[in-house]
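Below is the file model21.cif, which contains mmCIF, C-alpha atoms and all ligand atoms.
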data_run
loop_
_atom_site.label_atom_id
_atom_site.label_comp_id
_atom_site.auth_asym_id
_atom_site.auth_seq_id
_atom_site.Cartn_x
_atom_site.Cartn_y
_atom_site.Cartn_z
CA SER A 78 128.64 79.55 133.12
CA ALA A 79 129.41 82.45 130.81
CA THR A 80 132.96 83.71 130.38
CA PRO A 81 133.82 87.40 131.01
CA ALA A 82 134.05 87.93 127.22
CA THR A 83 130.53 86.51 126.75
CA LEU A 84 129.17 88.63 129.59
CA ALA A 85 130.76 91.72 128.01
CA ALA A 86 129.15 90.86 124.67
CA ILE A 87 125.74 90.39 126.33
CA SER A 88 126.16 93.78 127.93
CA SER A 89 127.18 95.45 124.62
CA ALA A 90 124.15 93.90 122.95
CA ALA A 91 121.84 95.09 125.74
CA LYS A 92 122.99 98.67 125.15
CA LYS A 93 121.74 98.34 121.56
CA GLY A 94 118.40 96.97 122.70
CA ILE A 95 119.23 93.31 122.05
CA LEU A 96 118.45 91.12 125.05
CA PHE A 97 120.33 87.83 125.00
CA LYS A 98 118.94 85.63 127.75
CA GLY A 99 122.13 83.61 128.07
CA GLY A 100 125.64 83.07 126.79
CA ILE A 101 124.88 80.20 124.45
CA ALA A 102 122.66 82.19 122.09
CA ILE A 103 125.24 84.95 121.59
CA GLU A 104 128.12 82.48 121.29
CA ASN A 105 126.27 80.52 118.61
CA PHE A 106 124.57 83.35 116.75
CA SER A 107 127.17 83.56 113.96
CA SER A 108 126.90 79.79 113.43
CA LEU A 109 123.36 80.13 112.07
CA SER A 110 123.07 78.67 108.58
CA CYS A 111 119.38 79.44 108.06
CA ILE A 112 116.96 82.00 109.50
CA ALA A 113 113.18 81.74 109.13
CA PHE A 114 111.13 84.91 109.53
CA ASP A 115 107.46 85.36 110.26
CA LYS A 116 105.96 87.99 107.90
CA THR A 117 103.39 90.13 109.69
CA GLY A 118 104.90 92.23 112.47
CA THR A 119 108.37 90.80 111.88
CA LEU A 120 109.39 91.62 108.29
CA THR A 121 106.51 94.08 107.93
CA ASN A 122 105.43 96.82 110.31
CA GLY A 123 102.44 94.80 111.44
CA LYS A 124 100.26 97.91 111.15
CA PRO A 125 98.26 97.35 107.96
CA ILE A 126 96.01 100.02 106.48
CA VAL A 127 92.82 99.34 104.51
CA THR A 128 93.49 100.54 100.95
CA ASP A 129 90.57 99.06 98.99
CA SER A 130 87.09 97.84 99.77
CA TYR A 131 84.23 96.34 97.80
CA ILE A 132 80.71 95.60 98.89
CA SER A 133 78.36 93.70 96.62
CA PRO A 134 75.70 96.17 95.30
CA GLU A 135 72.88 93.86 96.44
CA GLN A 136 73.91 94.38 100.03
CA ASN A 137 73.09 97.17 102.43
CA GLU A 138 76.43 98.92 102.96
CA ARG A 139 75.70 100.14 106.51
CA ASP A 140 74.68 96.65 107.63
CA ILE A 141 77.70 95.00 106.00
CA LEU A 142 80.05 97.45 107.70
CA GLY A 143 78.19 96.83 110.98
CA ILE A 144 78.73 93.07 110.63
CA VAL A 145 82.45 93.61 109.97
CA TYR A 146 82.70 95.89 113.00
CA ALA A 147 80.91 93.37 115.23
CA LEU A 148 83.13 90.52 113.97
CA GLU A 149 86.44 92.35 114.33
CA TYR A 150 85.79 94.47 117.41
CA GLY A 151 87.61 92.96 120.36
CA SER A 152 90.17 91.04 118.29
CA THR A 153 93.79 92.10 118.77
CA HIS A 154 94.92 90.84 115.35
CA PRO A 155 96.58 93.61 113.26
CA ILE A 156 93.94 93.04 110.55
CA ALA A 157 91.16 93.57 113.10
CA ILE A 158 92.74 96.80 114.37
CA ALA A 159 93.06 98.10 110.80
CA LEU A 160 89.45 97.26 109.92
CA VAL A 161 88.07 98.81 113.12
CA ASN A 162 90.05 102.00 112.43
CA PHE A 163 88.73 102.05 108.87
CA LEU A 164 85.14 101.64 110.08
CA LYS A 165 85.39 104.34 112.74
CA GLU A 166 85.37 106.92 109.95
CA ARG A 167 82.34 105.33 108.30
CA ASN A 168 78.66 104.94 108.89
CA TYR A 169 77.89 101.43 110.14
CA SER A 170 74.88 99.78 111.76
CA ASP A 171 75.04 98.73 115.40
CA ILE A 172 74.85 94.94 115.23
CA SER A 173 75.23 92.28 117.95
CA LEU A 174 76.40 88.85 116.89
CA THR A 175 76.00 85.54 118.67
CA ASN A 176 78.21 82.45 118.66
CA GLN A 177 81.36 84.42 117.78
CA LYS A 178 84.46 82.39 117.00
CA ASP A 179 88.10 83.25 116.38
CA LEU A 180 89.77 80.67 114.14
CA THR A 181 93.45 81.45 114.46
CA GLY A 182 95.15 81.80 111.09
CA LEU A 183 91.85 81.75 109.18
CA GLY A 184 89.53 84.48 110.40
CA LEU A 185 86.44 85.12 112.48
CA SER A 186 82.81 84.04 112.42
CA GLY A 187 79.51 84.94 114.06
CA GLU A 188 75.74 84.63 113.67
CA TYR A 189 73.12 87.33 113.09
CA GLN A 190 69.39 86.69 112.61
CA GLY A 191 69.99 83.05 111.69
CA ASP A 192 72.74 83.74 109.13
CA GLU A 193 76.36 82.75 109.49
CA TRP A 194 78.90 85.46 108.70
CA ARG A 195 82.59 84.83 108.18
CA ILE A 196 85.52 87.14 107.55
CA GLY A 197 89.06 86.11 106.64
CA LYS A 198 90.84 83.94 104.11
CA MET A 199 88.94 83.06 100.95
CA ASP A 200 89.23 79.31 101.64
CA PHE A 201 87.63 79.85 105.01
CA THR A 202 84.81 82.19 103.97
CA ARG A 203 83.61 80.75 100.64
CA LYS A 204 81.38 77.77 100.11
CA HIS A 205 80.59 78.08 96.40
CA SER A 206 83.68 77.97 94.20
CA LYS A 207 81.62 79.27 91.23
CA GLN A 208 81.28 82.65 92.87
CA THR A 209 84.93 82.74 93.83
CA ASN A 210 85.93 83.32 90.21
CA ILE A 211 84.36 86.76 90.02
CA PHE A 212 85.85 87.69 93.36
CA SER A 213 89.26 86.18 92.77
CA LYS A 214 89.78 88.16 89.55
CA GLN A 215 89.42 91.39 91.49
CA THR A 216 91.33 90.22 94.53
CA GLN A 217 94.22 88.58 92.67
CA LYS A 218 95.46 91.93 91.36
CA LEU A 219 95.37 93.38 94.88
CA SER A 220 97.28 90.37 96.25
CA GLN A 221 99.94 90.77 93.57
CA GLU A 222 100.47 94.30 94.87
CA GLY A 223 101.44 92.71 98.20
CA LYS A 224 98.09 93.46 99.82
CA THR A 225 96.29 91.04 102.14
CA VAL A 226 92.72 90.53 101.03
CA VAL A 227 90.09 89.43 103.53
CA SER A 228 86.65 88.46 102.34
CA LEU A 229 83.28 88.57 104.06
CA SER A 230 80.71 85.86 103.42
CA LYS A 231 77.07 85.33 104.40
CA ASN A 232 76.24 81.62 104.63
CA GLY A 233 79.25 80.86 102.45
CA GLU A 234 78.42 83.44 99.80
CA MET A 235 80.91 86.25 99.19
CA VAL A 236 79.47 89.69 99.83
CA ALA A 237 82.46 91.97 100.36
CA TYR A 238 86.21 92.19 100.54
CA PHE A 239 88.81 94.50 102.01
CA ALA A 240 92.45 94.87 100.96
CA LEU A 241 95.09 95.84 103.49
CA LEU A 242 98.63 96.99 102.92
CA ASP A 243 101.33 96.33 105.49
CA ILE A 244 104.64 97.78 104.36
CA ALA A 245 108.04 96.17 104.88
CA LYS A 246 110.09 97.42 107.83
CA THR A 247 112.89 99.85 107.12
CA GLY A 248 116.13 97.92 107.05
CA ALA A 249 114.43 94.56 106.40
CA LYS A 250 115.83 94.33 102.87
CA GLU A 251 119.34 95.31 104.01
CA THR A 252 119.25 92.76 106.84
CA ILE A 253 118.23 89.97 104.45
CA SER A 254 121.02 90.91 102.06
CA PHE A 255 123.58 91.01 104.92
CA LEU A 256 122.57 87.52 106.06
CA GLN A 257 122.78 86.18 102.51
CA LYS A 258 126.28 87.64 102.09
CA ASN A 259 127.27 85.63 105.15
CA ASP A 260 125.89 82.40 103.69
CA ILE A 261 122.78 82.35 105.82
CA HIS A 262 119.75 81.01 103.98
CA THR A 263 116.66 83.23 104.48
CA LEU A 264 113.05 82.13 104.46
CA MET A 265 109.68 83.76 105.14
CA ILE A 266 106.79 81.87 106.74
CA THR A 267 103.30 83.36 106.58
CA GLY A 268 99.64 82.56 106.99
CA ASP A 269 98.96 84.94 104.11
CA ASN A 270 98.28 83.69 100.56
CA HIS A 271 100.86 82.94 97.82
CA GLU A 272 100.46 86.13 95.81
CA THR A 273 100.83 88.46 98.79
CA ALA A 274 103.73 86.41 100.16
CA LYS A 275 105.48 86.45 96.79
CA ALA A 276 105.14 90.23 96.43
CA ILE A 277 106.76 90.81 99.85
CA ALA A 278 109.41 88.11 99.30
CA ASP A 279 110.36 89.68 95.94
CA GLU A 280 110.52 93.14 97.46
CA LEU A 281 112.88 91.95 100.21
CA GLY A 282 114.90 89.59 98.02
CA ILE A 283 114.36 86.75 100.50
CA ASP A 284 115.56 83.30 99.30
CA GLU A 285 112.36 81.35 99.88
CA TYR A 286 108.82 81.72 101.21
CA ARG A 287 106.08 79.42 102.52
CA ALA A 288 102.54 80.78 102.28
CA ASN A 289 99.14 79.69 103.68
CA CYS A 290 100.78 78.27 106.79
CA LEU A 291 98.53 77.49 109.70
CA PRO A 292 100.08 78.33 113.08
CA GLU A 293 100.81 74.68 113.93
CA GLN A 294 102.58 74.19 110.59
CA LYS A 295 105.27 76.75 111.45
CA THR A 296 106.90 74.29 113.87
CA GLY A 297 106.83 71.51 111.25
CA ILE A 298 108.57 73.74 108.70
CA LEU A 299 111.19 74.63 111.28
CA LYS A 300 111.87 70.98 112.10
CA ASP A 301 112.25 70.22 108.36
CA LEU A 302 114.72 73.07 108.03
CA GLN A 303 116.72 71.62 110.91
CA LYS A 304 117.18 68.42 108.90
CA GLU A 305 118.60 70.45 106.02
CA TYR A 306 120.57 73.10 107.92
CA ASP A 307 122.90 72.67 110.91
CA PHE A 308 121.73 75.64 112.86
CA VAL A 309 118.33 77.25 112.32
CA GLY A 310 117.09 80.54 113.76
CA MET A 311 113.51 81.77 113.87
CA VAL A 312 112.38 85.39 114.16
CA GLY A 313 108.76 86.10 115.11
CA ASP A 314 106.36 88.16 117.16
CA GLY A 315 103.02 86.39 117.50
CA ILE A 316 101.39 83.81 119.77
CA ASN A 317 101.44 81.70 116.58
CA ASP A 318 105.21 81.90 116.45
CA ALA A 319 105.92 80.80 120.03
CA PRO A 320 106.11 77.02 119.37
CA ALA A 321 108.48 77.57 116.42
CA LEU A 322 110.58 79.99 118.49
CA ALA A 323 110.88 77.33 121.19
CA ASN A 324 111.94 74.69 118.65
CA ALA A 325 114.51 76.86 116.85
CA ASP A 326 118.21 76.59 117.71
CA ILE A 327 117.99 80.31 118.36
CA GLY A 328 114.58 81.96 118.76
CA VAL A 329 114.38 85.73 118.30
CA ALA A 330 111.30 87.73 119.34
CA MET A 331 110.27 91.26 118.47
CA GLY A 332 110.03 93.57 121.49
CA GLN A 333 106.58 94.80 120.47
CA GLY A 334 105.42 91.23 119.98
CA THR A 335 103.27 89.15 122.28
CA ASP A 336 104.50 88.27 125.79
CA ILE A 337 104.49 84.56 124.99
CA ALA A 338 106.84 85.07 122.03
CA MET A 339 109.24 87.10 124.19
CA GLN A 340 109.13 84.52 127.00
CA THR A 341 109.88 81.65 124.63
CA ALA A 342 112.69 83.30 122.67
CA ASP A 343 116.43 83.23 123.42
CA VAL A 344 116.83 86.80 122.18
CA VAL A 345 114.48 89.81 122.29
CA LEU A 346 114.89 92.78 119.93
CA ILE A 347 113.56 95.50 122.21
CA GLN A 348 113.36 98.21 119.52
CA ASN A 349 111.66 95.87 117.03
CA ASP A 350 114.61 96.61 114.80
CA LEU A 351 115.80 93.90 112.38
CA GLU A 352 119.12 95.64 111.73
CA THR A 353 120.25 94.56 115.21
CA LEU A 354 120.56 91.02 113.78
CA GLU A 355 123.60 92.28 111.87
CA TYR A 356 125.12 93.70 115.06
CA SER A 357 124.40 90.42 116.91
CA TYR A 358 126.16 88.49 114.16
CA HIS A 359 129.28 90.71 114.39
CA LEU A 360 129.38 90.45 118.20
CA SER A 361 129.12 86.68 118.02
CA LYS A 362 131.84 86.45 115.37
CA LYS A 363 134.16 88.56 117.50
CA LEU A 364 133.41 86.46 120.55
CA LYS A 365 134.30 83.27 118.68
CA LYS A 366 137.69 84.70 117.74
CA ILE A 367 138.40 85.41 121.42
CA THR A 368 137.17 82.02 122.64
CA VAL A 369 138.82 79.81 120.03
P1 LIG A 401 100.65 85.93 109.58
O1 LIG A 401 101.32 84.58 109.59
O2 LIG A 401 100.96 86.68 108.33
O3 LIG A 401 100.99 86.72 110.83
P2 LIG A 401 97.99 84.98 110.52
O4 LIG A 401 98.33 83.54 110.68
O5 LIG A 401 97.80 85.77 111.76
O6 LIG A 401 99.05 85.72 109.52
O7 LIG A 401 96.65 85.11 109.64
C1 LIG A 401 96.55 84.46 108.40
C2 LIG A 401 95.36 84.95 107.60
O8 LIG A 401 94.13 84.69 108.30
C3 LIG A 401 95.35 86.45 107.34
O9 LIG A 401 96.13 86.80 106.22
C4 LIG A 401 93.86 86.70 107.11
O10 LIG A 401 93.50 86.37 105.78
C5 LIG A 401 93.19 85.73 108.06
N1 LIG A 401 92.85 86.38 109.34
C6 LIG A 401 93.45 86.17 110.54
N2 LIG A 401 92.87 86.93 111.49
C7 LIG A 401 91.91 87.66 110.91
C8 LIG A 401 90.97 88.67 111.33
N3 LIG A 401 90.91 89.09 112.59
N4 LIG A 401 90.13 89.19 110.41
C9 LIG A 401 90.16 88.78 109.13
N5 LIG A 401 91.03 87.85 108.65
C10 LIG A 401 91.88 87.30 109.51
MG MG A 402 103.33 87.98 113.06
#
What does this structure look like when you write it as structure tokens?
Ligand code: ADP
Ligand code: MG
Amino acid sequence: SATPATLAAISSAAKKGILFKGGIAIENFSSLSCIAFDKTGTLTNGKPIVTDSYISPEQNERDILGIVYALEYGSTHPIAIALVNFLKERNYSDISLTNQKDLTGLGLSGEYQGDEWRIGKMDFTRKHSKQTNIFSKQTQKLSQEGKTVVSLSKNGEMVAYFALLDIAKTGAKETISFLQKNDIHTLMITGDNHETAKAIADELGIDEYRANCLPEQKTGILKDLQKEYDFVGMVGDGINDAPALANADIGVAMGQGTDIAMQTADVVLIQNDLETLEYSYHLSKKLKKITV
């Protein structure tokens, strides 16, 4: 059971909006040698805004926007919320899809009048690589600006794309730099593509990033890190992150994240505030001095 000093530290942390579920996590926090972060909603605000859009001139704009609305409406993914908000201010056709699917980490699909429509990652939406070239030239520049580009395809043929910008959280850069100063290796794991991941990683000065990760791969990366580092932490917010949070030596969930992430984690940052990691580190360090 926890010592009075540990209980006092848990209570101090709670006052700052850091919920440690037990003594072990706070006692060991300053022993972390590596921390892996999810990108969307963890290092970034998780509230992207549509900044650019392109619809192939051969297509009917109202119908295309209607398809996007029908695909994204009802999804709780931050990308879906951003696209629905973008469409609310535009003129779109009322379209009902059948056979709708949500492929976690890839995108969404549905059928309309015998055609299959897909929205999401380029690798998921495209069928003809020839056509990708024209699209990828335009979308590469947007990705290099740190934007997430989602494409829309009709039977595997690209017909539109949308670029979304999700800015880094205030204090994220400072938190990364604090951890690095204390010899903690930092890493970002994301389902987003390389270019977008690199732009965000460069902006934050994070040591390493892994892009194009499917949800189930996050746990594998974490287990590999555990072979290389003694004590590995994971910070995340999504359903996708829950297995990795459970596997980490210390799992940290964002307070505005999904319930499953918060249930699985050892620590919850109620205010969604990354700077509290620095406070947690100091508390843990102090606690160690008392205990040893
Ligand atoms: P992250 O790890 O950054 O939180 P996800 O694993 O949730 O990202 O998603 C990875 C990628 O899958 C997104 O960058 C996007 O390209 C695509 N995607 C996921 N959900 C949707 C959606 N609702 N609409 C369009 N694209 C999506
Ligand atoms: Mg996330």
Hey, which bits of segment 146-204 of chain A sit within 9 Å of segment 114-130 of chain A, and for each residue what's the closest pair of atoms and how far apart in Å (one decimal), counting only C-alpha atoms, rows by chain and increasing number, as a Markdown table?
| residue | atom | partner | partner_atom | distance |
| --- | --- | --- | --- | --- |
| A:Pro155 | CA | A:Lys124 | CA | 6.0 |
| A:Ile156 | CA | A:Pro125 | CA | 6.6 |
| A:Ile158 | CA | A:Lys124 | CA | 8.3 |
| A:Ala159 | CA | A:Ile126 | CA | 5.6 |
| A:Leu160 | CA | A:Val127 | CA | 6.7 |
| A:Asn162 | CA | A:Ile126 | CA | 8.7 |
| A:Phe163 | CA | A:Val127 | CA | 6.6 |
Quiz prompt | Coordinates-based distance that separates atom CA of Ala325 of chain A from atom CA of Thr80 of chain A (Å, one decimal) | solution =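 Interatomic distance here is 23.9 Å.
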Closest pair table for chain A residues within 8 Å of ligand LIG 401 (chain A), all atoms listed in the file, as a Markdown table:
| residue | atom | partner | partner_atom | distance |
| --- | --- | --- | --- | --- |
| A:Asp115 | CA | A:LIG401 | O1 | 6.2 |
| A:Lys116 | CA | A:LIG401 | O2 | 5.2 |
| A:Thr117 | CA | A:LIG401 | O3 | 4.3 |
| A:Gly118 | CA | A:LIG401 | O3 | 7.0 |
| A:Leu148 | CA | A:LIG401 | N4 | 8.0 |
| A:Glu149 | CA | A:LIG401 | N3 | 5.8 |
| A:Ser152 | CA | A:LIG401 | N3 | 6.1 |
| A:Thr153 | CA | A:LIG401 | N3 | 7.5 |
| A:His154 | CA | A:LIG401 | N3 | 5.2 |
| A:Pro155 | CA | A:LIG401 | N3 | 7.3 |
| A:Ile156 | CA | A:LIG401 | C8 | 5.3 |
| A:Ala157 | CA | A:LIG401 | N3 | 4.5 |
| A:Asp179 | CA | A:LIG401 | N3 | 7.5 |
| A:Leu180 | CA | A:LIG401 | N2 | 7.5 |
| A:Thr181 | CA | A:LIG401 | C6 | 6.1 |
| A:Gly182 | CA | A:LIG401 | O4 | 3.6 |
| A:Leu183 | CA | A:LIG401 | O8 | 3.8 |
| A:Gly184 | CA | A:LIG401 | C10 | 3.8 |
| A:Leu185 | CA | A:LIG401 | C8 | 5.9 |
| A:Ile196 | CA | A:LIG401 | C9 | 5.2 |
| A:Gly197 | CA | A:LIG401 | N5 | 3.3 |
| A:Lys198 | CA | A:LIG401 | O10 | 4.0 |
| A:Met199 | CA | A:LIG401 | O10 | 7.4 |
| A:Thr225 | CA | A:LIG401 | O9 | 5.9 |
| A:Val226 | CA | A:LIG401 | O10 | 6.4 |
| A:Val227 | CA | A:LIG401 | O10 | 5.1 |
| A:Ser228 | CA | A:LIG401 | C9 | 7.7 |
| A:Ile266 | CA | A:LIG401 | O1 | 6.7 |
| A:Thr267 | CA | A:LIG401 | O1 | 3.8 |
| A:Gly268 | CA | A:LIG401 | O1 | 3.7 |
| A:Asp269 | CA | A:LIG401 | O9 | 4.0 |
| A:Asn270 | CA | A:LIG401 | O9 | 6.8 |
| A:Asn289 | CA | A:LIG401 | C1 | 7.2 |
| A:Cys290 | CA | A:LIG401 | O1 | 6.9 |
| A:Leu291 | CA | A:LIG401 | O4 | 6.1 |
| A:Pro292 | CA | A:LIG401 | O4 | 6.0 |
| A:Gly315 | CA | A:LIG401 | O3 | 7.0 |
| A:Asn317 | CA | A:LIG401 | O4 | 6.9 |
Practice problem: List the neighbours of Asn176 of chain A out to 12 Å using only C-alpha atoms; skip same-chain residues closer than 3 positions along the sequence, and give me the result as number ranges by chain. | Solution: A: 147-148, 173, 179, 185-195
Quiz item: Which of these, A:Val236, A:Ile253, A:Asp301, A:Asp243, has the shortest distance to ligand MG 402 (chain A) once you count all atoms listed in the file?
Solution: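 Of A:Val236, A:Ile253, A:Asp301, A:Asp243, the one nearest ligand MG 402 (chain A), counting all atoms listed in the file, is A:Asp243.
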Quiz prompt | Between atom CA of Ile327 of chain A and atom CA of Lys98 of chain A, distance in Å (one decimal) | solution =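 For atom CA of Ile327 of chain A relative to atom CA of Lys98 of chain A, the distance reads 10.8 Å.
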Specify the axis-aligned box that encloses all atoms of segment 258-268 of chain A listed in the file after padding of 6 Å on each side, stating its centre and edge lengths in Å to one decimal as AutoDock Vina command-line options.
--center_x 113.5 --center_y 84.3 --center_z 104.5 --size_x 39.6 --size_y 18.6 --size_z 16.9
Self-check item: Top pick for closest residue to ligand MG 402 (chain A), considering A:Asp307, A:Glu355, A:Glu138, A:Asp318 and counting all atoms listed in the file
Solution: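 The shortest atom-to-atom distance to ligand MG 402 (chain A) comes from A:Asp318.
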Self-check item: Nearest to ligand MG 402 (chain A), chosen from A:Val312, A:Ile283, A:Ile277, A:Leu256, with all atoms listed in the file counted in the distances
Solution: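 Between A:Val312, A:Ile283, A:Ile277, A:Leu256, the residue approaching ligand MG 402 (chain A) most closely is A:Val312.
Here atom CA of Ala102 of chain A stands at a distance of 16.5 Å from atom CA of Gln303 of chain A.
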Quiz prompt | Nearby residues (all atoms listed in the file) at most 10 Å from His271 of chain A, same-chain spacing under 2 positions excluded, as an NGL selection string | solution = :A and (220-221 or 223 or 267-269 or 273-276 or 286-289)
Quiz item: Which polymer residues have any atom within 6 Å of an atom of Leu264 of chain A, counting only C-alpha atoms, with same-chain residues fewer than 4 positions away left out, as number ranges by chain?
Solution: A: 113, 284-286
Quiz prompt | Best match for closeness to Pro320 of chain A among A:Gly99, A:Gly334, A:Gly248, A:Gly297, counting only C-alpha atoms | solution =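 Between A:Gly99, A:Gly334, A:Gly248, A:Gly297, the residue approaching Pro320 of chain A most closely is A:Gly297.
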Quiz item: Counting all atoms listed in the file, which of A:Ile316, A:Leu299, A:Leu142, A:Val345 gets nearest to ligand MG 402 (chain A)?
Solution: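 Of A:Ile316, A:Leu299, A:Leu142, A:Val345, the one nearest ligand MG 402 (chain A) is A:Ile316, counting all atoms listed in the file.
If you measure from each of A:Ser107, A:Asn259, A:Thr83, A:Asn137 to Ser357 of chain A using only C-alpha atoms, the closest one turns out to be A:Ser107.
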Exercise. Would you list the contacts of Ala90 of chain A as a VMD selection string, taking every protein, DNA or RNA residue within 9 Å and counting all atoms listed in the file, but skipping same-chain residues closer than 5 positions in sequence?
Key: chain A and resid 85 95 to 97 353 356 to 357 360
Dump C-alpha atoms for the selected residues as a PDB file, in the coordinates of the input?
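Saved the output as again_7.pdb:
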ATOM      1  CA  ALA A  85     130.760  91.720 128.010  1.00  0.00           C
ATOM      2  CA  ILE A  95     119.230  93.310 122.050  1.00  0.00           C
ATOM      3  CA  LEU A  96     118.450  91.120 125.050  1.00  0.00           C
ATOM      4  CA  PHE A  97     120.330  87.830 125.000  1.00  0.00           C
ATOM      5  CA  THR A 353     120.250  94.560 115.210  1.00  0.00           C
ATOM      6  CA  TYR A 356     125.120  93.700 115.060  1.00  0.00           C
ATOM      7  CA  SER A 357     124.400  90.420 116.910  1.00  0.00           C
ATOM      8  CA  LEU A 360     129.380  90.450 118.200  1.00  0.00           C
TER       9      LEU A 360
END
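Taking all atoms listed in the file, the non-local environment of Leu346 of chain A within 7 Å (same-chain residues fewer than 4 positions away omitted) comprises Gly94, Ile95, Leu96, Ala330, Met331, Gly332 and Asp350 of chain A.
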